[in-house]
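Participant: Provided below: structure_20.txt, containing compact mmCIF, C-alpha atoms.
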# COMPACT_ATOMS: atom_id res chain seq x y z
CA MET A 1 7.99 -3.62 16.56
CA ARG A 2 4.90 -4.52 14.56
CA VAL A 3 2.14 -1.94 14.08
CA VAL A 4 -1.25 -2.66 12.54
CA SER A 5 -4.11 -0.26 11.92
CA LEU A 6 -7.32 -1.96 13.04
CA GLY A 7 -9.46 0.96 11.89
CA SER A 8 -9.08 4.68 11.28
CA SER A 9 -11.90 7.12 10.59
CA SER A 10 -14.19 9.66 12.20
CA SER A 11 -16.28 6.73 13.45
CA GLY A 12 -13.67 4.50 15.07
CA ASN A 13 -9.92 4.29 15.65
CA SER A 14 -7.53 1.67 16.99
CA LEU A 15 -3.88 0.73 16.46
CA TYR A 16 -2.29 -2.56 17.49
CA VAL A 17 1.36 -2.52 18.56
CA GLU A 18 3.49 -5.49 19.56
CA ALA A 19 7.15 -5.86 20.45
CA GLY A 20 9.65 -8.19 22.09
CA PRO A 21 10.44 -11.86 21.50
CA GLY A 22 7.40 -13.54 19.99
CA GLY A 23 5.53 -10.22 20.16
CA ARG A 24 5.11 -10.75 23.89
CA THR A 25 4.18 -7.11 24.65
CA ARG A 26 0.86 -6.29 23.01
CA LEU A 27 -0.85 -2.90 23.28
CA LEU A 28 -3.66 -0.98 21.65
CA VAL A 29 -3.54 2.73 21.02
CA ASP A 30 -7.22 3.61 21.46
CA ALA A 31 -10.13 1.18 21.23
CA GLY A 32 -12.81 3.07 19.33
CA LEU A 33 -14.30 0.08 17.51
CA GLY A 34 -16.88 -2.38 18.74
CA VAL A 35 -15.33 -5.14 20.81
CA ARG A 36 -16.46 -7.84 18.39
CA VAL A 37 -14.81 -5.97 15.53
CA LEU A 38 -11.60 -5.63 17.53
CA GLN A 39 -11.71 -9.30 18.44
CA ALA A 40 -12.21 -10.41 14.85
CA ARG A 41 -9.45 -8.21 13.46
CA LEU A 42 -6.97 -9.18 16.16
CA ARG A 43 -7.69 -12.85 15.53
CA LEU A 44 -6.57 -12.34 11.94
CA LEU A 45 -3.20 -11.43 13.48
CA GLY A 46 -3.22 -14.46 15.78
CA VAL A 47 -3.91 -12.29 18.85
CA ASP A 48 -6.59 -12.68 21.52
CA LEU A 49 -7.98 -9.75 23.50
CA SER A 50 -6.89 -11.44 26.73
CA GLN A 51 -3.24 -11.09 25.63
CA LEU A 52 -3.30 -7.30 25.60
CA ARG A 53 -1.10 -5.57 28.20
CA GLY A 54 -3.08 -2.35 28.03
CA VAL A 55 -4.86 0.30 25.98
CA LEU A 56 -3.14 3.65 25.56
CA VAL A 57 -6.01 6.13 25.40
CA THR A 58 -5.46 9.46 23.65
CA HIS A 59 -8.77 10.95 24.84
CA GLU A 60 -12.28 10.00 25.91
CA HIS A 61 -14.37 10.56 22.76
CA SER A 62 -16.47 7.60 21.63
CA ASP A 63 -14.51 6.92 18.43
CA HIS A 64 -11.48 6.18 20.62
CA VAL A 65 -12.97 4.34 23.62
CA LEU A 66 -16.09 2.48 22.47
CA ALA A 67 -14.71 -0.99 23.29
CA LEU A 68 -13.34 -0.04 26.69
CA PRO A 69 -16.28 -1.31 28.79
CA ALA A 70 -15.88 -4.86 27.46
CA LEU A 71 -12.07 -4.76 27.53
CA LEU A 72 -12.07 -3.59 31.14
CA ARG A 73 -14.82 -5.73 32.59
CA ARG A 74 -14.54 -8.90 30.54
CA TYR A 75 -10.78 -9.05 29.92
CA GLN A 76 -9.38 -6.79 32.67
CA VAL A 77 -7.18 -4.99 30.14
CA PRO A 78 -5.77 -1.90 31.88
CA VAL A 79 -6.37 1.61 30.61
CA ILE A 80 -3.14 3.57 30.28
CA THR A 81 -3.74 7.31 30.27
CA ASN A 82 -3.46 10.45 32.35
CA GLU A 83 -5.46 11.18 35.49
CA GLU A 84 -7.91 13.56 33.84
CA THR A 85 -8.78 11.24 30.96
CA PHE A 86 -9.12 8.31 33.36
CA ALA A 87 -11.65 10.29 35.40
CA ALA A 88 -13.62 11.02 32.21
CA ILE A 89 -13.52 7.32 31.34
CA GLU A 90 -14.87 6.44 34.78
CA GLN A 91 -17.75 8.87 34.17
CA GLY A 92 -18.45 7.30 30.80
CA LEU A 93 -18.46 3.81 32.29
CA ALA A 94 -20.86 4.92 35.00
CA ALA A 95 -23.17 6.65 32.53
CA GLY A 96 -23.01 3.89 29.94
CA ALA A 97 -22.39 6.47 27.22
CA TRP A 98 -19.58 8.51 25.67
CA ARG A 99 -19.39 11.91 24.08
CA SER A 100 -18.78 11.73 20.35
CA ASP A 101 -16.42 14.06 18.55
CA SER A 102 -19.38 16.31 17.70
CA GLY A 103 -20.52 16.44 21.32
CA LYS A 104 -23.45 14.03 21.08
CA LEU A 105 -23.89 11.01 23.31
CA VAL A 106 -23.10 7.53 22.00
CA VAL A 107 -24.51 4.67 24.06
CA SER A 108 -22.10 1.89 24.99
CA PRO A 109 -23.11 -1.48 23.55
CA THR A 110 -24.21 -3.95 26.21
CA GLU A 111 -22.82 -7.46 26.53
CA ALA A 112 -25.90 -8.78 24.70
CA GLU A 113 -25.89 -6.12 22.01
CA GLY A 114 -22.28 -6.65 21.08
CA ASP A 115 -21.51 -4.00 18.47
CA VAL A 116 -25.06 -2.75 17.99
CA VAL A 117 -24.78 0.93 18.87
CA ILE A 118 -26.05 4.27 17.66
CA GLN A 119 -22.81 5.75 16.33
CA GLU A 120 -22.71 9.49 15.79
CA GLN A 121 -20.66 10.76 12.86
CA SER A 122 -17.72 12.78 14.14
CA GLU A 123 -15.94 15.19 11.88
CA THR A 124 -12.99 17.48 12.23
CA THR A 125 -10.62 20.33 11.87
CA LEU A 126 -7.84 22.62 10.85
CA VAL A 127 -4.46 23.53 12.23
CA GLN A 128 -2.69 26.86 12.43
CA GLU A 129 0.81 26.83 11.05
CA GLN A 130 3.74 26.69 13.47
CA SER A 131 7.12 28.08 12.48
CA GLY A 132 10.11 25.81 12.69
CA VAL A 133 10.72 22.78 14.83
CA GLU A 134 11.69 23.47 18.41
CA ILE A 135 13.61 20.52 19.78
CA VAL A 136 12.76 20.03 23.43
CA THR A 137 14.78 18.23 26.02
CA ARG A 138 14.15 14.61 26.93
CA ILE A 139 10.83 14.24 28.72
CA GLN A 140 11.23 13.37 32.35
CA GLU A 141 10.75 9.71 33.17
CA SER A 142 8.04 8.53 35.49
CA THR A 143 6.61 5.31 36.82
CA LEU A 144 3.15 4.03 36.01
CA VAL A 145 0.89 4.02 39.04
CA TYR A 146 -1.66 1.22 39.34
CA ARG A 147 -5.03 2.80 40.02
CA PRO A 148 -7.85 0.30 40.59
CA ALA A 149 -10.94 2.45 41.02
CA ASN A 150 -14.44 1.02 40.93
CA ASN A 151 -12.89 -2.25 39.71
CA VAL A 152 -11.43 -0.46 36.68
CA PRO A 153 -7.83 -1.55 36.03
CA ALA A 154 -5.78 1.53 35.18
CA LEU A 155 -2.17 2.60 34.86
CA ILE A 156 -1.88 6.35 35.28
CA LEU A 157 0.72 7.95 33.02
CA PRO A 158 0.84 11.72 33.49
CA THR A 159 1.06 13.69 30.27
CA GLY A 160 4.66 14.56 29.45
CA LYS A 161 6.13 11.52 31.20
CA THR A 162 7.91 8.39 30.00
CA THR A 163 7.60 4.83 31.23
CA THR A 164 8.09 1.26 30.03
CA VAL A 165 5.31 -1.24 29.42
CA GLY A 166 6.90 -4.62 28.82
CA ASP A 167 9.28 -4.18 25.89
CA ILE A 168 7.87 -0.81 24.82
CA GLU A 169 8.97 2.60 26.08
CA VAL A 170 6.00 4.97 26.08
CA THR A 171 6.19 8.76 26.15
CA SER A 172 3.03 10.86 26.23
CA PHE A 173 2.80 14.49 25.15
CA PRO A 174 -0.03 17.04 25.04
CA ILE A 175 -2.10 17.69 21.94
CA LEU A 176 -4.90 20.21 21.33
CA HIS A 177 -8.46 18.88 21.13
CA ASP A 178 -11.79 19.54 22.83
CA ALA A 179 -11.36 16.72 25.34
CA VAL A 180 -10.32 16.94 29.00
CA ALA A 181 -6.59 16.19 28.55
CA PRO A 182 -5.82 14.76 25.10
CA CYS A 183 -2.38 13.39 24.37
CA GLY A 184 -0.27 11.76 21.70
CA TYR A 185 2.25 8.97 22.15
CA LEU A 186 5.80 8.17 21.10
CA LEU A 187 6.54 4.44 21.37
CA SER A 188 10.12 3.21 21.18
CA VAL A 189 11.50 -0.29 20.82
CA GLY A 190 15.13 -1.09 20.07
CA GLY A 191 15.79 2.14 18.20
CA CYS A 192 12.54 2.06 16.20
CA ARG A 193 9.96 4.72 16.99
CA LEU A 194 6.25 5.10 16.35
CA CYS A 195 4.56 8.47 16.90
CA VAL A 196 0.78 8.81 17.01
CA VAL A 197 -0.73 12.29 16.54
CA THR A 198 -4.46 12.38 15.94
CA ASP A 199 -7.40 14.56 16.97
CA THR A 200 -5.54 17.81 17.34
CA GLY A 201 -6.44 21.26 16.10
CA GLU A 202 -2.90 22.60 15.99
CA VAL A 203 0.62 21.22 15.78
CA THR A 204 2.76 22.68 18.55
CA PRO A 205 6.58 22.77 18.72
CA GLU A 206 6.49 20.02 21.36
CA MET A 207 4.42 17.82 19.07
CA LEU A 208 6.80 18.50 16.18
CA SER A 209 9.77 17.44 18.29
CA MET A 210 8.05 14.10 19.00
CA MET A 211 7.08 13.63 15.35
CA ALA A 212 10.62 14.33 14.18
CA GLN A 213 11.86 11.25 16.03
CA ALA A 214 9.44 8.83 14.36
CA ASP A 215 10.30 6.13 11.86
CA LEU A 216 6.55 5.54 11.47
CA LEU A 217 4.34 8.57 11.94
CA VAL A 218 0.57 8.10 12.26
CA LEU A 219 -0.82 11.56 11.57
CA GLU A 220 -4.32 12.90 11.25
CA SER A 221 -5.28 14.27 7.84
CA ASN A 222 -8.95 14.80 8.51
CA HIS A 223 -10.40 17.14 5.94
CA ASP A 224 -9.92 19.25 2.86
CA ARG A 225 -10.56 22.82 3.98
CA GLN A 226 -12.44 23.98 0.89
CA ARG A 227 -14.52 20.82 0.76
CA LEU A 228 -15.46 21.38 4.40
CA LEU A 229 -16.36 25.05 3.95
CA ARG A 230 -18.52 24.30 0.89
CA GLY A 231 -20.03 21.19 2.44
CA PRO A 232 -23.33 20.42 4.20
CA TYR A 233 -22.28 20.90 7.80
CA PRO A 234 -23.89 23.67 9.89
CA GLN A 235 -21.70 26.70 10.46
CA ARG A 236 -21.24 25.90 14.15
CA LEU A 237 -19.76 22.50 13.34
CA LYS A 238 -17.54 23.93 10.61
CA GLN A 239 -16.15 26.47 13.06
CA ARG A 240 -15.47 23.73 15.59
CA ILE A 241 -13.64 21.70 12.96
CA ILE A 242 -11.37 24.59 11.95
CA SER A 243 -10.76 25.70 15.54
CA SER A 244 -7.53 25.24 17.46
CA THR A 245 -9.02 22.26 19.32
CA GLY A 246 -10.47 20.34 16.39
CA HIS A 247 -8.63 18.27 13.77
CA LEU A 248 -5.91 18.67 11.18
CA SER A 249 -6.65 19.54 7.57
CA ASN A 250 -4.72 17.99 4.69
CA ASP A 251 -2.68 21.18 4.31
CA GLN A 252 -1.84 21.38 7.99
CA ALA A 253 -0.78 17.72 8.04
CA ALA A 254 1.55 18.45 5.12
CA ASN A 255 2.97 21.49 6.95
CA ALA A 256 3.76 19.32 9.96
CA VAL A 257 5.51 16.69 7.84
CA LEU A 258 7.61 19.33 6.10
CA LYS A 259 8.67 20.84 9.43
CA THR A 260 9.86 17.45 10.65
CA TRP A 261 11.47 16.37 7.37
CA ARG A 262 14.69 14.40 7.73
CA PRO A 263 16.59 14.30 4.43
CA ASP A 264 19.05 11.73 5.79
CA SER A 265 16.62 8.91 6.53
CA ILE A 266 13.71 6.81 5.33
CA ARG A 267 10.33 7.30 7.00
CA TRP A 268 6.85 5.86 6.86
CA LEU A 269 3.74 8.05 7.06
CA TRP A 270 0.22 6.82 7.73
CA LEU A 271 -2.51 9.41 7.17
CA GLY A 272 -5.54 8.69 9.35
CA HIS A 273 -8.83 9.85 10.83
CA LEU A 274 -10.17 10.94 7.43
CA SER A 275 -13.62 12.49 7.35
CA LYS A 276 -16.05 10.58 5.16
CA THR A 277 -17.87 13.81 4.29
CA ASN A 278 -15.03 16.32 3.99
CA ASN A 279 -12.16 14.27 2.57
CA THR A 280 -11.24 11.32 0.38
CA PRO A 281 -8.15 9.09 0.40
CA SER A 282 -7.20 10.48 -3.02
CA LEU A 283 -7.45 14.08 -1.82
CA ALA A 284 -5.40 13.40 1.30
CA LEU A 285 -2.67 11.53 -0.59
CA THR A 286 -2.49 13.99 -3.49
CA SER A 287 -2.35 16.97 -1.14
CA MET A 288 0.52 15.47 0.84
CA ARG A 289 2.51 14.44 -2.23
CA GLU A 290 2.08 17.78 -4.00
CA ARG A 291 3.11 19.80 -0.95
CA LEU A 292 6.21 17.67 -0.43
CA GLN A 293 7.19 17.77 -4.10
CA ASN A 294 6.71 21.55 -4.28
CA ALA A 295 9.02 21.88 -1.26
CA GLY A 296 11.70 19.85 -3.04
CA ALA A 297 11.40 16.76 -0.82
CA ASN A 298 12.60 13.44 -2.18
CA LEU A 299 9.48 11.27 -2.09
CA SER A 300 11.53 8.09 -2.40
CA GLN A 301 12.48 8.68 1.23
CA LEU A 302 8.88 8.64 2.43
CA HIS A 303 6.42 5.76 2.16
CA ILE A 304 2.90 7.22 2.42
CA THR A 305 -0.25 5.23 3.17
CA VAL A 306 -3.82 6.45 3.71
CA LEU A 307 -5.46 4.35 6.40
CA PRO A 308 -8.94 2.94 5.66
CA PRO A 309 -11.86 2.64 8.11
CA GLY A 310 -11.35 -1.12 8.04
CA MET A 311 -8.22 -3.09 8.81
CA GLY A 312 -5.36 -1.32 7.09
CA GLY A 313 -1.65 -0.77 7.17
CA ILE A 314 0.90 -3.17 8.66
CA TRP A 315 4.40 -1.98 9.56
CA ASP A 316 6.98 -4.47 10.83
CA SER A 317 10.39 -3.08 11.77
CA THR A 318 11.93 -6.56 11.80
CA GLN A 319 11.21 -6.91 8.08
CA LEU A 320 13.16 -3.73 7.36
CA TRP A 321 16.41 -5.43 8.22
CA HIS A 322 15.75 -7.91 5.43
CA ALA A 323 15.21 -5.09 2.89
CA PRO A 324 18.36 -2.96 3.17
CA SER A 325 17.43 -1.01 0.03
CA LEU A 326 14.77 0.72 2.09
CA TRP A 327 17.50 2.30 4.17
CA ASP A 328 19.75 3.36 1.28
CA LEU A 329 19.76 7.04 0.38
Translate the structure of the given file into structure tokens.
Facilitator:
Amino acid sequence: MRVVSLGSSSSGNSLYVEAGPGGRTRLLVDAGLGVRVLQARLRLLGVDLSQLRGVLVTHEHSDHVLALPALLRRYQVPVITNEETFAAIEQGLAAGAWRSDSGKLVVSPTEAEGDVVIQEQSETTLVQEQSGVEIVTRIQESTLVYRPANNVPALILPTGKTTTVGDIEVTSFPILHDAVAPCGYLLSVGGCRLCVVTDTGEVTPEMLSMMAQADLLVLESNHDRQRLLRGPYPQRLKQRIISSTGHLSNDQAANAVLKTWRPDSIRWLWLGHLSKTNNTPSLALTSMRERLQNAGANLSQLHITVLPPGMGGIWDSTQLWHAPSLWDL
């Protein structure tokens, strides 16, 4: 499995995942960048948009779906998401606009405009601490249902179900955000697992059980709480950010990592969806490291990266086999 961050911020998010011989199964997790930006960044990886098998959509906010109109209509790349989110996407396609994270409308770029779009700044929120990690039973398997509606290619994956897309097993699970039916994903290939948890206001036991299985965890670390509270945002927006359906603070991200800590293995952690106003990469990284060190965690077992708004981290499980020291404890 190869995973590449194509962009991670409050303005746009997308992950590229490939697996199988020759990377034959190619997926995106969200497509919140302009289509020209996606195209250019994928070309750096030797990938064309027409080769994508689908886009796993976590929720319908503009910073996660901005490129969908072009991907659907020009390249016929299927949306993979639950029924409720698909219905919200259909509404956005019909309206030609998406709700931003702050609730404002963001107009979809037209074919002629390319990536020229009025992009609203979306910011974010805090999590309430959960106690312990409750391991849940294996999520029931299901089959993707092809749902062509209004010429929109879609594969409906109900939240809480598992299916296979090419060489990648995909499990969805519910998260908490002010969208119609937001979800996270656990992707598995040959014993390697990627878990994506972003845009959530709390970390539930079910989410923790998914995170605990990950070799690579992509986790939101949106804001520093004190920086947010002292910052320029209106009180209404601050309250939304620290609500149970907003985004994770640095402290809450650290709490989640500690509750899923595995002292017998090596893990990779990508911190994403940082707020430009209420966080910095240095704050997010320092907060995570200090919390882990204070809890007695061995930081040599965890490789931490803060994802940038531009093209960022690359994780390739096949390379790990050629670096056995990474697996030694």
Participant: Mind giving me the straight-line distance from CA of Asp178 in chain A to CA of Gln226 in chain A in Å, one decimal?
Facilitator: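 Between CA of Asp178 in chain A and CA of Gln226 in chain A the gap works out to 22.4 Å.
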Participant: Between A:Ser9, A:Ser102, A:Gln239, A:Thr81, single out the one closest to Pro153 in chain A, counting all atoms listed in the file.
Facilitator: A:Thr81
Participant: Extract, using all atoms listed in the file, all DNA, RNA and protein residues at most 10 Å from range 26-30 of chain A, discarding same-chain residues fewer than 6 positions from it, and format them as number ranges by chain.
Facilitator: A: 1-6, 12-20, 47-49, 51-60, 63-68, 77-80, 165-168, 184-185, 196
Participant: What lies within 12 Å of Ala95 in chain A using all atoms listed in the file, ignoring chain neighbours under 3 positions off, as a ChimeraX atom specification?
Facilitator: /A:69,88-92,98-99,105-108
Participant: Using all atoms listed in the file, which protein or nucleic acid residues come within 10 Å of Cys192 in chain A? Drop anything in the same chain fewer than 4 positions from it, and give the result as a PyMOL selection string.
Facilitator: chain A and resi 1+187-188+213-216+317-318
Participant: Residues at most 9 Å from Asn255 in chain A, counting only C-alpha atoms, excluding those fewer than 2 positions away in the same chain, as a PyMOL selection string?
Facilitator: chain A and resi 129-130+250-253+257-260+288+291-292
Participant: Which is closest to Ala284 in chain A among A:Ile156, A:Ile242, A:Leu248, A:Ile266, if we use only C-alpha atoms?
Facilitator: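 Closest candidate: A:Leu248.
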Participant: Would you list the contacts of Leu274 in chain A as a PyMOL selection string, taking every protein, DNA or RNA residue within 9 Å and counting all atoms listed in the file, but skipping same-chain residues closer than 3 positions in sequence?
Facilitator: chain A and resi 8-10+123-124+220-223+271+277-281+284+306-309
Participant: Okay, now the selection with C-alpha atoms, as a PDB file, in the coordinates of the input?
Facilitator:
ATOM      1  CA  SER A   8      -9.080   4.680  11.280  1.00  0.00           C
ATOM      2  CA  SER A   9     -11.900   7.120  10.590  1.00  0.00           C
ATOM      3  CA  SER A  10     -14.190   9.660  12.200  1.00  0.00           C
ATOM      4  CA  GLU A 123     -15.940  15.190  11.880  1.00  0.00           C
ATOM      5  CA  THR A 124     -12.990  17.480  12.230  1.00  0.00           C
ATOM      6  CA  GLU A 220      -4.320  12.900  11.250  1.00  0.00           C
ATOM      7  CA  SER A 221      -5.280  14.270   7.840  1.00  0.00           C
ATOM      8  CA  ASN A 222      -8.950  14.800   8.510  1.00  0.00           C
ATOM      9  CA  HIS A 223     -10.400  17.140   5.940  1.00  0.00           C
ATOM     10  CA  LEU A 271      -2.510   9.410   7.170  1.00  0.00           C
ATOM     11  CA  THR A 277     -17.870  13.810   4.290  1.00  0.00           C
ATOM     12  CA  ASN A 278     -15.030  16.320   3.990  1.00  0.00           C
ATOM     13  CA  ASN A 279     -12.160  14.270   2.570  1.00  0.00           C
ATOM     14  CA  THR A 280     -11.240  11.320   0.380  1.00  0.00           C
ATOM     15  CA  PRO A 281      -8.150   9.090   0.400  1.00  0.00           C
ATOM     16  CA  ALA A 284      -5.400  13.400   1.300  1.00  0.00           C
ATOM     17  CA  VAL A 306      -3.820   6.450   3.710  1.00  0.00           C
ATOM     18  CA  LEU A 307      -5.460   4.350   6.400  1.00  0.00           C
ATOM     19  CA  PRO A 308      -8.940   2.940   5.660  1.00  0.00           C
ATOM     20  CA  PRO A 309     -11.860   2.640   8.110  1.00  0.00           C
TER      21      PRO A 309
END
Participant: Here is a test: counting all atoms listed in the file, which residue of A:Cys195, A:Asp224, A:Ala254, A:Thr200 is nearest to Trp268 in chain A?
Facilitator: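 When distances to Trp268 in chain A are compared using all atoms listed in the file, the smallest one comes from A:Cys195.
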Participant: Please, what distance in Å, to one decimal, runs between CA of Gly310 in chain A and CA of Gly7 in chain A?
Facilitator: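 Distance reported for this atom pair: 4.8 Å.
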Participant: Quick check, in Å to one decimal: how far apart do CA of Asp199 in chain A and CA of Ser275 in chain A lie?
Facilitator: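 Distance reported for this atom pair: 11.6 Å.
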Participant: Looking at A:Leu155, A:Ala87, A:Leu45, A:Leu186, which one is nearest to Leu208 in chain A, with distances taken over only C-alpha atoms?
Facilitator: A:Leu186
